[in-house]
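K.L.:
Hey, dropping my_file_26.cif in here, mmCIF, C-alpha atoms and all ligand atoms:
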```cif
data_coords
loop_
_atom_site.group_PDB
_atom_site.id
_atom_site.type_symbol
_atom_site.label_atom_id
_atom_site.label_comp_id
_atom_site.auth_asym_id
_atom_site.auth_seq_id
_atom_site.Cartn_x
_atom_site.Cartn_y
_atom_site.Cartn_z
ATOM 1 C CA MET U 209 -88.509 -17.229 64.006
ATOM 2 C CA THR U 210 -86.261 -16.535 61.077
ATOM 3 C CA ASP U 211 -82.555 -16.750 61.650
ATOM 4 C CA ILE U 212 -80.647 -13.712 60.400
ATOM 5 C CA ALA U 213 -77.986 -16.055 58.983
ATOM 6 C CA ASP U 214 -80.666 -17.714 56.827
ATOM 7 C CA LEU U 215 -81.772 -14.334 55.506
ATOM 8 C CA TYR U 216 -78.190 -13.476 54.599
ATOM 9 C CA GLN U 217 -77.704 -16.832 52.900
ATOM 10 C CA GLU U 218 -80.885 -16.303 50.892
ATOM 11 C CA LEU U 219 -79.655 -12.882 49.808
ATOM 12 C CA ILE U 220 -76.361 -14.356 48.582
ATOM 13 C CA LEU U 221 -78.092 -17.206 46.748
ATOM 14 C CA ASP U 222 -80.534 -14.764 45.142
ATOM 15 C CA HIS U 223 -77.792 -12.430 43.909
ATOM 16 C CA ASN U 224 -75.830 -15.408 42.601
ATOM 17 C CA ALA U 225 -78.852 -16.757 40.714
ATOM 18 C CA ARG U 226 -79.901 -13.339 39.396
ATOM 19 C CA PRO U 227 -76.871 -11.022 39.438
ATOM 20 C CA ARG U 228 -77.821 -7.357 39.316
ATOM 21 C CA ASN U 229 -76.099 -4.969 36.900
ATOM 22 C CA ASN U 230 -74.747 -7.828 34.825
ATOM 23 C CA GLY U 231 -73.426 -6.711 31.435
ATOM 24 C CA THR U 232 -70.989 -4.331 29.820
ATOM 25 C CA LEU U 233 -71.065 -0.552 29.930
ATOM 26 C CA THR U 234 -69.827 1.331 26.880
ATOM 27 C CA PRO U 235 -68.690 3.965 26.891
ATOM 28 C CA CYS U 236 -67.553 4.005 30.489
ATOM 29 C CA SER U 237 -65.158 6.227 32.412
ATOM 30 C CA HIS U 238 -63.458 3.493 34.459
ATOM 31 C CA GLN U 239 -62.816 -0.187 33.846
ATOM 32 C CA ALA U 240 -60.697 -2.914 35.462
ATOM 33 C CA GLU U 241 -60.259 -6.657 35.452
ATOM 34 C CA GLY U 242 -59.927 -8.851 38.515
ATOM 35 C CA TYR U 243 -58.855 -12.435 38.988
ATOM 36 C CA ASN U 244 -58.818 -14.689 42.026
ATOM 37 C CA PRO U 245 -56.570 -17.633 41.098
ATOM 38 C CA LEU U 246 -57.340 -19.485 44.352
ATOM 39 C CA CYS U 247 -60.919 -20.038 43.222
ATOM 40 C CA GLY U 248 -60.867 -19.131 39.520
ATOM 41 C CA ASP U 249 -63.169 -16.108 39.877
ATOM 42 C CA THR U 250 -62.805 -13.597 37.043
ATOM 43 C CA LEU U 251 -64.439 -10.221 36.721
ATOM 44 C CA THR U 252 -64.511 -7.141 34.516
ATOM 45 C CA LEU U 253 -65.979 -4.082 36.185
ATOM 46 C CA TYR U 254 -67.270 -0.995 34.354
ATOM 47 C CA LEU U 255 -68.080 2.345 35.948
ATOM 48 C CA GLN U 256 -69.519 5.569 34.660
ATOM 49 C CA VAL U 257 -68.354 8.337 36.974
ATOM 50 C CA GLU U 258 -69.576 11.890 36.379
ATOM 51 C CA GLY U 259 -67.888 14.523 38.483
ATOM 52 C CA ASP U 260 -67.808 12.957 41.926
ATOM 53 C CA ILE U 261 -70.780 10.585 41.486
ATOM 54 C CA ILE U 262 -70.864 6.955 40.397
ATOM 55 C CA ARG U 263 -73.743 7.084 37.918
ATOM 56 C CA ASP U 264 -73.645 3.484 36.721
ATOM 57 C CA VAL U 265 -71.825 0.222 37.430
ATOM 58 C CA LYS U 266 -71.913 -3.035 35.506
ATOM 59 C CA PHE U 267 -69.903 -6.228 35.462
ATOM 60 C CA VAL U 268 -69.289 -9.408 33.546
ATOM 61 C CA GLY U 269 -67.510 -12.381 35.006
ATOM 62 C CA SER U 270 -67.647 -15.947 36.061
ATOM 63 C CA GLY U 271 -67.035 -17.186 39.550
ATOM 64 C CA CYS U 272 -68.374 -18.918 42.603
ATOM 65 C CA ALA U 273 -71.573 -17.926 44.392
ATOM 66 C CA ILE U 274 -69.727 -15.756 46.920
ATOM 67 C CA SER U 275 -67.821 -13.733 44.319
ATOM 68 C CA THR U 276 -70.824 -13.305 42.011
ATOM 69 C CA ALA U 277 -73.155 -12.286 44.841
ATOM 70 C CA SER U 278 -70.520 -9.967 46.310
ATOM 71 C CA THR U 279 -70.037 -8.220 42.957
ATOM 72 C CA SER U 280 -73.776 -7.973 42.386
ATOM 73 C CA LEU U 281 -74.438 -6.495 45.838
ATOM 74 C CA MET U 282 -71.483 -4.140 45.485
ATOM 75 C CA THR U 283 -72.788 -2.723 42.209
ATOM 76 C CA THR U 284 -76.223 -2.078 43.706
ATOM 77 C CA ALA U 285 -74.600 -0.400 46.721
ATOM 78 C CA LEU U 286 -72.386 1.876 44.607
ATOM 79 C CA LYS U 287 -74.913 3.476 42.265
ATOM 80 C CA GLY U 288 -75.430 7.118 43.090
ATOM 81 C CA LYS U 289 -72.649 7.153 45.681
ATOM 82 C CA THR U 290 -69.848 9.684 45.700
ATOM 83 C CA LEU U 291 -66.280 8.485 45.273
ATOM 84 C CA ALA U 292 -65.635 9.266 48.961
ATOM 85 C CA GLN U 293 -68.648 7.179 49.990
ATOM 86 C CA ALA U 294 -67.388 4.335 47.796
ATOM 87 C CA GLU U 295 -64.032 4.465 49.606
ATOM 88 C CA SER U 296 -65.795 4.324 52.983
ATOM 89 C CA LEU U 297 -67.807 1.317 51.839
ATOM 90 C CA TYR U 298 -64.664 -0.386 50.585
ATOM 91 C CA ARG U 299 -62.921 0.072 53.928
ATOM 92 C CA ALA U 300 -65.976 -1.005 55.954
ATOM 93 C CA PHE U 301 -66.499 -4.102 53.815
ATOM 94 C CA HIS U 302 -62.837 -5.067 53.985
ATOM 95 C CA GLU U 303 -62.909 -4.776 57.754
ATOM 96 C CA LEU U 304 -66.161 -6.759 57.929
ATOM 97 C CA VAL U 305 -64.681 -9.796 56.169
ATOM 98 C CA THR U 306 -61.092 -9.658 57.446
ATOM 99 C CA SER U 307 -61.044 -8.227 60.965
ATOM 100 C CA GLU U 308 -61.180 -10.433 64.059
ATOM 101 C CA SER U 309 -63.471 -7.927 65.721
ATOM 102 C CA PRO U 310 -64.936 -5.675 63.033
ATOM 103 C CA ARG U 311 -66.676 -2.483 64.071
ATOM 104 C CA ALA U 312 -69.357 -3.326 61.547
ATOM 105 C CA ASP U 313 -71.213 -0.203 60.519
ATOM 106 C CA GLU U 314 -74.567 -1.773 59.693
ATOM 107 C CA ALA U 315 -76.122 1.512 58.634
ATOM 108 C CA LEU U 316 -73.344 2.019 56.111
ATOM 109 C CA LEU U 317 -73.026 -1.584 54.926
ATOM 110 C CA GLY U 318 -76.727 -2.452 54.664
ATOM 111 C CA LYS U 319 -77.181 -5.682 52.691
ATOM 112 C CA LEU U 320 -73.402 -6.064 52.446
ATOM 113 C CA MET U 321 -73.636 -7.315 56.052
ATOM 114 C CA ALA U 322 -74.628 -10.620 54.417
ATOM 115 C CA PHE U 323 -70.909 -11.320 54.062
ATOM 116 C CA ALA U 324 -70.118 -11.028 57.778
ATOM 117 C CA GLY U 325 -69.860 -14.822 58.038
ATOM 118 C CA VAL U 326 -67.198 -15.021 55.338
ATOM 119 C CA ARG U 327 -64.359 -14.183 57.734
ATOM 120 C CA GLU U 328 -64.820 -17.626 59.289
ATOM 121 C CA PHE U 329 -63.844 -19.135 55.933
ATOM 122 C CA PRO U 330 -60.443 -17.624 55.070
ATOM 123 C CA SER U 331 -60.334 -19.283 51.646
ATOM 124 C CA ARG U 332 -63.547 -17.447 50.670
ATOM 125 C CA VAL U 333 -62.443 -13.999 51.811
ATOM 126 C CA LYS U 334 -60.728 -13.406 48.467
ATOM 127 C CA CYS U 335 -63.906 -14.414 46.661
ATOM 128 C CA ALA U 336 -65.831 -11.791 48.633
ATOM 129 C CA THR U 337 -63.237 -9.016 48.246
ATOM 130 C CA LEU U 338 -62.344 -9.520 44.559
ATOM 131 C CA ALA U 339 -65.030 -7.088 43.394
ATOM 132 C CA TRP U 340 -63.817 -4.447 45.841
ATOM 133 C CA HIS U 341 -60.157 -4.802 44.893
ATOM 134 C CA THR U 342 -61.212 -4.513 41.257
ATOM 135 C CA LEU U 343 -63.215 -1.391 42.119
ATOM 136 C CA GLU U 344 -60.137 0.151 43.720
ATOM 137 C CA ALA U 345 -58.103 -0.674 40.629
ATOM 138 C CA ALA U 346 -60.729 0.841 38.334
ATOM 139 C CA LEU U 347 -61.061 4.053 40.322
ATOM 140 C CA HIS U 348 -57.316 4.454 40.666
ATOM 141 C CA ALA U 349 -56.808 3.497 37.021
ATOM 142 C CA ARG U 350 -54.180 0.841 37.509
ATOM 143 C CA LYS U 351 -53.205 -0.596 34.164
ATOM 144 C CA GLU U 352 -52.303 -4.169 35.110
ATOM 145 C CA PRO U 353 -55.089 -6.689 35.867
ATOM 146 C CA VAL U 354 -55.766 -7.240 39.567
ATOM 147 C CA SER U 355 -54.926 -10.543 41.129
ATOM 148 C CA THR U 356 -55.816 -11.320 44.716
ATOM 149 C CA GLU U 357 -52.513 -13.207 45.014
HETATM 150 ZN ZN ZN B 401 -64.657 -17.792 44.568
#
```
Please re-express this file's structure in structure tokens.
Ligand code: ZN
P.N.:
Amino acid sequence: MTDIADLYQELILDHNARPRNNGTLTPCSHQAEGYNPLCGDTLTLYLQVEGDIIRDVKFVGSGCAISTASTSLMTTALKGKTLAQAESLYRAFHELVTSESPRADEALLGKLMAFAGVREFPSRVKCATLAWHTLEAALHARKEPVSTE
């Protein structure tokens, strides 16, 4: 019998070893930088949004396995989504990794459920959410770089 936790760990290790959507996107409609000083994770996120749809997402950065895998899985989840769907994902993911008793929407979160265990490691929560905070900054066009502090 395969433990679901093992599957999730494999998914994170795989996305850390082979990050999806790694690279720059030029031109792009939205861009933001994120930094998690607690761990040293850095990230630049690029989005091409047309109308209401996220057509493409790419990122460059360096960070720990959790932050790299989280960014990689986020980019795969966002492609083709509407901005409203991206907001829903952001809220669901944030609740998944921060709430004591998350109402995890597995149908919505899909592979992002791999990060459910992160809430037991408070120091890693910022690694897992950096990509999402950077996404928020990019979509809301904040000028200053994002820091999780
Ligand atoms: Zn980290």
K.L.:
Just checking: using all atoms listed in the file, which residue out of U:Ala294, U:Leu338, U:Leu233, U:Ala285 ends up closest to U:Pro245?
P.N.:
U:Leu338
K.L.:
Compute the set of protein, DNA and RNA residues whose minimum atom distance to ligand ZN 401 (chain B) is at most 9 Å, using only C-alpha atoms and all ligand atoms, and state it as a PDB file with C-alpha atoms, in the coordinates of the input.
P.N.:
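Heads up, here's the output in part01.pdb:
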```
ATOM      1  CA  ASN U 244     -58.818 -14.689  42.026  1.00  0.00           C
ATOM      2  CA  PRO U 245     -56.570 -17.633  41.098  1.00  0.00           C
ATOM      3  CA  LEU U 246     -57.340 -19.485  44.352  1.00  0.00           C
ATOM      4  CA  CYS U 247     -60.919 -20.038  43.222  1.00  0.00           C
ATOM      5  CA  GLY U 248     -60.867 -19.131  39.520  1.00  0.00           C
ATOM      6  CA  ASP U 249     -63.169 -16.108  39.877  1.00  0.00           C
ATOM      7  CA  THR U 250     -62.805 -13.597  37.043  1.00  0.00           C
ATOM      8  CA  GLY U 271     -67.035 -17.186  39.550  1.00  0.00           C
ATOM      9  CA  CYS U 272     -68.374 -18.918  42.603  1.00  0.00           C
ATOM     10  CA  ALA U 273     -71.573 -17.926  44.392  1.00  0.00           C
ATOM     11  CA  ILE U 274     -69.727 -15.756  46.920  1.00  0.00           C
ATOM     12  CA  SER U 275     -67.821 -13.733  44.319  1.00  0.00           C
ATOM     13  CA  THR U 276     -70.824 -13.305  42.011  1.00  0.00           C
ATOM     14  CA  SER U 331     -60.334 -19.283  51.646  1.00  0.00           C
ATOM     15  CA  ARG U 332     -63.547 -17.447  50.670  1.00  0.00           C
ATOM     16  CA  VAL U 333     -62.443 -13.999  51.811  1.00  0.00           C
ATOM     17  CA  LYS U 334     -60.728 -13.406  48.467  1.00  0.00           C
ATOM     18  CA  CYS U 335     -63.906 -14.414  46.661  1.00  0.00           C
ATOM     19  CA  ALA U 336     -65.831 -11.791  48.633  1.00  0.00           C
ATOM     20  CA  LEU U 338     -62.344  -9.520  44.559  1.00  0.00           C
TER      21      LEU U 338
END
```
K.L.:
Return the single residue from U:Val326, U:Ala213, U:Leu343, U:Ala349 that is closest to U:Thr252, with distances computed using all atoms listed in the file.
P.N.:
U:Leu343
K.L.:
I'd like to see the residues matched by the PyMOL selection byres (((chain U and resi 254) around 9) and not hetatm) on this file, and ideally I'd get them as a ChimeraX atom specification.
P.N.:
/U:231-234,236-240,252-253,255-256,264-268,343,346
K.L.:
Which one of U:Lys319, U:Arg327, U:His302, U:Arg311 sits closest to U:Trp340 if you count all atoms listed in the file?
P.N.:
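Counting all atoms listed in the file, the residue closest to U:Trp340 is U:His302.
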K.L.:
Leaving out U:Glu241 and any residue of its chain fewer than 2 positions from it, which residues lie within 7 Å of it when counting only C-alpha atoms, given as number ranges by chain?
P.N.:
U: 243, 251-253, 342, 353-354
K.L.:
On this structure, the PyMOL selection byres (((chain U and resi 288) around 8) and not hetatm) would catch which residues? List them as a list in words, sorted by chain and number.
P.N.:
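In the shown coordinates, the PyMOL selection byres (((chain U and resi 288) around 8) and not hetatm) covers Ile261, Ile262, Arg263, Asp264, Leu286, Lys287, Lys289 and Thr290 of chain U.
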K.L.:
The PyMOL selection byres (((chain U and resi 316) around 10) and not hetatm) on the file shown: which residues, as a PyMOL selection string?
P.N.:
chain U and resi 285+293+296-297+300-301+312-315+317-321
K.L.:
Could you please take those selected residues and save C-alpha atoms as a compact mmCIF listing (two decimals), in the frame of the given file?
P.N.:
```
# COMPACT_ATOMS: atom_id res chain seq x y z
CA ALA U 285 -74.60 -0.40 46.72
CA GLN U 293 -68.65 7.18 49.99
CA SER U 296 -65.80 4.32 52.98
CA LEU U 297 -67.81 1.32 51.84
CA ALA U 300 -65.98 -1.00 55.95
CA PHE U 301 -66.50 -4.10 53.82
CA ALA U 312 -69.36 -3.33 61.55
CA ASP U 313 -71.21 -0.20 60.52
CA GLU U 314 -74.57 -1.77 59.69
CA ALA U 315 -76.12 1.51 58.63
CA LEU U 317 -73.03 -1.58 54.93
CA GLY U 318 -76.73 -2.45 54.66
CA LYS U 319 -77.18 -5.68 52.69
CA LEU U 320 -73.40 -6.06 52.45
CA MET U 321 -73.64 -7.32 56.05
```
K.L.:
Suppose you want the space between atom CA of U:Leu219 and atom CA of U:Glu344; what is it in Å?
P.N.:
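Between atom CA of U:Leu219 and atom CA of U:Glu344 the gap is 24.2 Å.
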K.L.:
Have a look at atom CA of U:Ala277 and atom CA of U:Pro227 and let me know their distance in Å, one decimal.
P.N.:
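If I compute the distance from atom CA of U:Ala277 to atom CA of U:Pro227, I get 6.7 Å.
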